Amino acid sequence: MLALMLGVFTLSAQHDKCGFSIQFGCIKPGYNFNDVPVVVIPGTNSFGSAGGAMTGASIGLKYTYSFKNTILEKSGLGIFFAADGMWNAMNKDLRTTYDNMSCTKPMYVNVPIQVGFSYKTPGRIFNAWAEYSLGADLFMKTQEGWRNSTIKYQMNTEFATQVGFGILLARTVSLGVHYYWLGKHDVRPQSDNLINEGSQMKMGAWAFKLGFHM
């Protein structure tokens, strides 16, 4: 991490900002995504609409166009494209249940891909910023079960939106708080030969991000 920060500072000292940033986040799930299931039978797609997800992590890339060499250059406005990969495991109690049965544990992967607009206050050392975006979230619950008896889940895509705010230091390092509405996703196995064919899960998440801007 220190090497990455040093590289970013070196680039910023030599060149104008190109608008790219890489962001690392802590993801706290909400709504049904975080709910603890009443019945847990490993390997049977038994969660219903509850996800039982714990706090996870994310990594993302963003490109921001700030209207350089235009009439809006000093307005603080920008438009951006962002893609994040979010990972959440099940909570400790659920993982223990799976481990006791030697069953492969499922995990949750979300990939929100969005476009939006942002505003940044004036200043070279310190800036406050806010943003809003919308797009789609690609959701996947990974497989569970045993070597000869696994359940694989279909990928699902739903409308998603995000709002965030934070601070930018020396135009290089940002700290931000974001809320993502990730949609009402179908959690459905690839095979329809199961008693529980699938369910819908409302998914939201808070993201606390550290960004490095190049």
# chains A, B, ... in the order shown; residues from 1 in each chain; ligands from 1
call {"tool": "select_by_dssp", "arguments": {"residues": "region 22-109 of chain A", "states": "strand (DSSP E or B)", "output": "PyMOL selection string"}}
result
chain A and resi 22-30+53+56-65+77-88+90+104+108-109
call {"tool": "closest_atom_pairs", "arguments": {"of": "region 41-141 of chain A", "to": "region 167-178 of chain A", "cutoff": "8 Å", "atoms": "only C-alpha atoms", "output": "Markdown table"}}
result
| residue | atom | partner | partner_atom | distance |
| --- | --- | --- | --- | --- |
| A:Arg124 | CA | A:Ala170 | CA | 6.0 |
| A:Ile125 | CA | A:Ala170 | CA | 4.2 |
| A:Phe126 | CA | A:Leu169 | CA | 4.9 |
| A:Asn127 | CA | A:Leu168 | CA | 5.0 |
| A:Ala128 | CA | A:Ile167 | CA | 4.4 |
| A:Trp129 | CA | A:Ile167 | CA | 5.9 |
call {"tool": "write_last_selection", "arguments": {"atoms": "C-alpha atoms", "output": "short mmCIF file (atom, residue, chain, number, x, y, z; two decimals), in the first residue's frame"}}
result
data_model
loop_
_atom_site.label_atom_id
_atom_site.label_comp_id
_atom_site.auth_asym_id
_atom_site.auth_seq_id
_atom_site.Cartn_x
_atom_site.Cartn_y
_atom_site.Cartn_z
CA ARG A 124 -5.45 22.56 -4.01
CA ILE A 125 -4.79 20.96 -0.60
CA PHE A 126 -8.28 20.09 0.67
CA ASN A 127 -11.54 19.48 -1.20
CA ALA A 128 -14.95 18.20 -0.18
CA TRP A 129 -16.92 16.25 -2.78
#
call {"tool": "closest_residue", "arguments": {"among": "A:Val187, A:Ala207, A:Met201, A:Leu182", "to": "Met155 (chain A)", "atoms": "only C-alpha atoms"}}
result
A:Val187
call {"tool": "atom_distance", "arguments": {"atom1": "CA of Thr96 (chain A)", "atom2": "CA of Ile27 (chain A)"}}
result
21.6 Å
call {"tool": "closest_residue", "arguments": {"among": "A:Gly116, A:Gly198, A:Pro37, A:Gly43", "to": "Tyr98 (chain A)", "atoms": "only C-alpha atoms"}}
result
A:Gly43
call {"tool": "closest_atom_pairs", "arguments": {"of": "region 92-129 of chain A", "to": "region 62-78 of chain A", "cutoff": "12 Å", "atoms": "only C-alpha atoms", "output": "JSON lines"}}
result
{"residue": "A:Pro112", "atom": "CA", "partner": "A:Lys62", "partner_atom": "CA", "distance": 11.8}
{"residue": "A:Ile113", "atom": "CA", "partner": "A:Lys62", "partner_atom": "CA", "distance": 10.0}
{"residue": "A:Gln114", "atom": "CA", "partner": "A:Lys62", "partner_atom": "CA", "distance": 9.6}
{"residue": "A:Val115", "atom": "CA", "partner": "A:Lys62", "partner_atom": "CA", "distance": 9.5}
{"residue": "A:Gly116", "atom": "CA", "partner": "A:Gly78", "partner_atom": "CA", "distance": 8.5}
{"residue": "A:Phe117", "atom": "CA", "partner": "A:Gly78", "partner_atom": "CA", "distance": 5.6}
{"residue": "A:Ser118", "atom": "CA", "partner": "A:Gly78", "partner_atom": "CA", "distance": 5.1}
{"residue": "A:Tyr119", "atom": "CA", "partner": "A:Leu77", "partner_atom": "CA", "distance": 4.6}
{"residue": "A:Lys120", "atom": "CA", "partner": "A:Gly76", "partner_atom": "CA", "distance": 4.7}
{"residue": "A:Thr121", "atom": "CA", "partner": "A:Gly76", "partner_atom": "CA", "distance": 6.0}
{"residue": "A:Pro122", "atom": "CA", "partner": "A:Gly76", "partner_atom": "CA", "distance": 6.8}
{"residue": "A:Gly123", "atom": "CA", "partner": "A:Gly76", "partner_atom": "CA", "distance": 10.0}
{"residue": "A:Asn127", "atom": "CA", "partner": "A:Gly76", "partner_atom": "CA", "distance": 10.0}
{"residue": "A:Ala128", "atom": "CA", "partner": "A:Gly76", "partner_atom": "CA", "distance": 10.3}
{"residue": "A:Trp129", "atom": "CA", "partner": "A:Gly76", "partner_atom": "CA", "distance": 8.9}
call {"tool": "select_by_dssp", "arguments": {"residues": "region 8-198 of chain A", "states": "alpha helix (DSSP H)", "output": "ChimeraX atom specification"}}
result
/A:8-14,92-100
call {"tool": "closest_residue", "arguments": {"among": "A:Phe139, A:Phe47, A:Trp146, A:Tyr179", "to": "Pro29 (chain A)", "atoms": "only C-alpha atoms"}}
result
A:Tyr179
call {"tool": "residues_around", "arguments": {"residues": "Met86 (chain A)", "least_positions_apart": "6", "cutoff": "8 Å", "atoms": "only C-alpha atoms", "output": "MDAnalysis selection string"}}
result
chainID A and resid 27 56:59 109:111
call {"tool": "atom_distance", "arguments": {"atom1": "CA of Trp181 (chain A)", "atom2": "CA of Gly204 (chain A)"}}
result
4.5 Å
call {"tool": "closest_residue", "arguments": {"among": "A:Pro106, A:Gly166, A:Gly211, A:Gly60", "to": "Ser46 (chain A)", "atoms": "only C-alpha atoms"}}
result
A:Pro106
call {"tool": "atom_distance", "arguments": {"atom1": "CA of Gly25 (chain A)", "atom2": "CA of Glu144 (chain A)"}}
result
26.0 Å
call {"tool": "closest_residue", "arguments": {"among": "A:Phe81, A:Lys105, A:Phe212, A:Trp87", "to": "Thr55 (chain A)", "atoms": "only C-alpha atoms"}}
result
A:Trp87
